[in-house]
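Notes for the one structure printed next.
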Amino acid sequence: MHQREVLENETLCFLIGYNNIMQDLNLFIIFARVVEAGSFAEAARRMDITRAAVSKAVAKLEKDLSTRLLLRSTRHLSLTETGIALSEHVARILAEAEHAEQVVKAFMLRRAGH
């Protein structure tokens with residue numbers, strides 16, 4: 001294989017991985033909202049989606065990551081050790097995204113002369 005072909009294959013693999021991460025970002029957001037709300041039902045209510053959609057998203061995230069993130073019972077929801085670690089990272093990512101949005105809005109206001 002020539003060097004160009006290797007580079008193209010590596011780039012394609014990176015982009016495929018990147019696209020998977022971006023598609024799954026919503027799963028991470030839903031997981032974070034469940035953690036914040038303390039229940040699937042409350043997270044669903046806050047996001048204005050069905051409880052089933054929340055449950056499916058968390059189940060898909062757990063499947064994709066090959067690990068349990070939440071321990072569920074009929075009355076209680078708790079995080080696994082992995083779930084705790086992930087929720088801390090996701091909270092930082094979401095805080096950064098919200099900050100980035102605020103920066104852009106402030107820039108646009110300055111640009112518009114407000």
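By convention here, the chains of the structure tokens are called A, B, ... in the order presented, each chain's residues are numbered starting at 1, and ligands are numbered starting at 1 in the order presented.
Every protein or nucleic acid residue with an atom no more than 12 Å from A:Thr74, counting only C-alpha atoms and leaving out same-chain residues fewer than 3 positions away, appears here: Ser39, Phe40, Ala41, Leu71, Leu77 and Ser78 of chain A.
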**Study point:** helix (DSSP H, G or I) positions in stretch 6-111 of chain A, given as JSON, numbers by chain
**Key:** {"A": [6, 7, 8, 9, 10, 11, 12, 13, 14, 15, 16, 17, 18, 19, 20, 21, 22, 23, 24, 25, 26, 27, 28, 29, 30, 31, 32, 33, 34, 35, 36, 37, 40, 41, 42, 43, 44, 45, 46, 47, 51, 52, 53, 54, 55, 56, 57, 58, 59, 60, 61, 62, 63, 64, 65, 81, 82, 83, 84, 85, 86, 87, 88, 89, 90, 91, 92, 93, 94, 95, 96, 97, 98, 99, 100, 101, 102, 103, 104, 105, 106, 107, 108, 109, 110, 111]}
Go ahead and dump the residues you just picked, C-alpha atoms, as an mmCIF file, in the first residue's frame.
```cif
data_model
loop_
_atom_site.group_PDB
_atom_site.id
_atom_site.type_symbol
_atom_site.label_atom_id
_atom_site.label_comp_id
_atom_site.auth_asym_id
_atom_site.auth_seq_id
_atom_site.Cartn_x
_atom_site.Cartn_y
_atom_site.Cartn_z
ATOM 1 C CA VAL A 6 -2.480 4.625 4.028
ATOM 2 C CA LEU A 7 -3.154 8.288 4.808
ATOM 3 C CA GLU A 8 -6.548 8.166 3.080
ATOM 4 C CA ASN A 9 -7.496 5.010 4.999
ATOM 5 C CA GLU A 10 -6.386 6.535 8.308
ATOM 6 C CA THR A 11 -8.362 9.704 7.550
ATOM 7 C CA LEU A 12 -11.446 7.696 6.640
ATOM 8 C CA CYS A 13 -11.191 5.655 9.838
ATOM 9 C CA PHE A 14 -10.851 8.858 11.862
ATOM 10 C CA LEU A 15 -13.847 10.442 10.149
ATOM 11 C CA ILE A 16 -15.978 7.341 10.629
ATOM 12 C CA GLY A 17 -15.079 7.345 14.325
ATOM 13 C CA TYR A 18 -15.753 11.077 14.542
ATOM 14 C CA ASN A 19 -19.163 10.702 12.917
ATOM 15 C CA ASN A 20 -20.085 7.930 15.352
ATOM 16 C CA ILE A 21 -19.147 10.139 18.301
ATOM 17 C CA MET A 22 -21.140 13.063 16.943
ATOM 18 C CA GLN A 23 -24.193 10.886 16.293
ATOM 19 C CA ASP A 24 -23.987 9.534 19.825
ATOM 20 C CA LEU A 25 -23.632 12.933 21.476
ATOM 21 C CA ASN A 26 -27.388 13.005 21.979
ATOM 22 C CA LEU A 27 -27.111 9.761 23.934
ATOM 23 C CA PHE A 28 -24.585 11.385 26.251
ATOM 24 C CA ILE A 29 -26.846 14.409 26.681
ATOM 25 C CA ILE A 30 -29.824 12.233 27.549
ATOM 26 C CA PHE A 31 -27.700 10.278 30.018
ATOM 27 C CA ALA A 32 -26.621 13.555 31.654
ATOM 28 C CA ARG A 33 -30.230 14.710 31.896
ATOM 29 C CA VAL A 34 -31.212 11.431 33.591
ATOM 30 C CA VAL A 35 -28.414 11.901 36.107
ATOM 31 C CA GLU A 36 -29.469 15.520 36.740
ATOM 32 C CA ALA A 37 -33.154 14.624 37.088
ATOM 33 C CA PHE A 40 -36.001 8.515 33.586
ATOM 34 C CA ALA A 41 -39.522 9.902 33.955
ATOM 35 C CA GLU A 42 -38.375 13.319 35.196
ATOM 36 C CA ALA A 43 -35.666 13.552 32.541
ATOM 37 C CA ALA A 44 -38.238 12.692 29.876
ATOM 38 C CA ARG A 45 -40.620 15.327 31.217
ATOM 39 C CA ARG A 46 -37.895 18.007 31.249
ATOM 40 C CA MET A 47 -36.803 17.168 27.700
ATOM 41 C CA ARG A 51 -39.817 7.875 28.973
ATOM 42 C CA ALA A 52 -39.342 5.018 26.489
ATOM 43 C CA ALA A 53 -37.118 7.230 24.313
ATOM 44 C CA VAL A 54 -34.989 8.115 27.335
ATOM 45 C CA SER A 55 -34.736 4.478 28.367
ATOM 46 C CA LYS A 56 -33.789 3.372 24.844
ATOM 47 C CA ALA A 57 -31.130 6.094 24.563
ATOM 48 C CA VAL A 58 -29.479 5.116 27.846
ATOM 49 C CA ALA A 59 -29.667 1.426 26.933
ATOM 50 C CA LYS A 60 -28.038 2.155 23.561
ATOM 51 C CA LEU A 61 -25.281 4.178 25.213
ATOM 52 C CA GLU A 62 -24.626 1.341 27.663
ATOM 53 C CA LYS A 63 -24.561 -1.146 24.790
ATOM 54 C CA ASP A 64 -22.242 1.032 22.690
ATOM 55 C CA LEU A 65 -19.869 1.458 25.645
ATOM 56 C CA GLU A 81 -18.574 3.611 39.149
ATOM 57 C CA THR A 82 -18.282 3.951 35.377
ATOM 58 C CA GLY A 83 -21.492 5.978 35.296
ATOM 59 C CA ILE A 84 -20.085 8.393 37.871
ATOM 60 C CA ALA A 85 -16.907 8.903 35.854
ATOM 61 C CA LEU A 86 -18.816 9.353 32.602
ATOM 62 C CA SER A 87 -21.323 11.766 34.122
ATOM 63 C CA GLU A 88 -18.488 13.985 35.362
ATOM 64 C CA HIS A 89 -16.956 14.133 31.882
ATOM 65 C CA VAL A 90 -20.285 14.712 30.153
ATOM 66 C CA ALA A 91 -21.153 17.504 32.606
ATOM 67 C CA ARG A 92 -17.884 19.272 31.698
ATOM 68 C CA ILE A 93 -18.522 18.796 27.975
ATOM 69 C CA LEU A 94 -22.037 20.224 28.276
ATOM 70 C CA ALA A 95 -20.790 23.161 30.349
ATOM 71 C CA GLU A 96 -18.190 23.908 27.673
ATOM 72 C CA ALA A 97 -20.823 23.684 24.926
ATOM 73 C CA GLU A 98 -23.086 26.094 26.818
ATOM 74 C CA HIS A 99 -20.154 28.467 27.346
ATOM 75 C CA ALA A 100 -19.292 28.295 23.648
ATOM 76 C CA GLU A 101 -22.884 29.195 22.780
ATOM 77 C CA GLN A 102 -22.738 32.201 25.136
ATOM 78 C CA VAL A 103 -19.470 33.366 23.556
ATOM 79 C CA VAL A 104 -21.000 33.197 20.088
ATOM 80 C CA LYS A 105 -24.126 35.071 21.200
ATOM 81 C CA ALA A 106 -22.015 37.789 22.832
ATOM 82 C CA PHE A 107 -19.916 38.088 19.680
ATOM 83 C CA MET A 108 -23.032 38.390 17.532
ATOM 84 C CA LEU A 109 -24.467 41.087 19.805
ATOM 85 C CA ARG A 110 -21.233 43.095 19.636
ATOM 86 C CA ARG A 111 -21.169 42.682 15.893
#
```
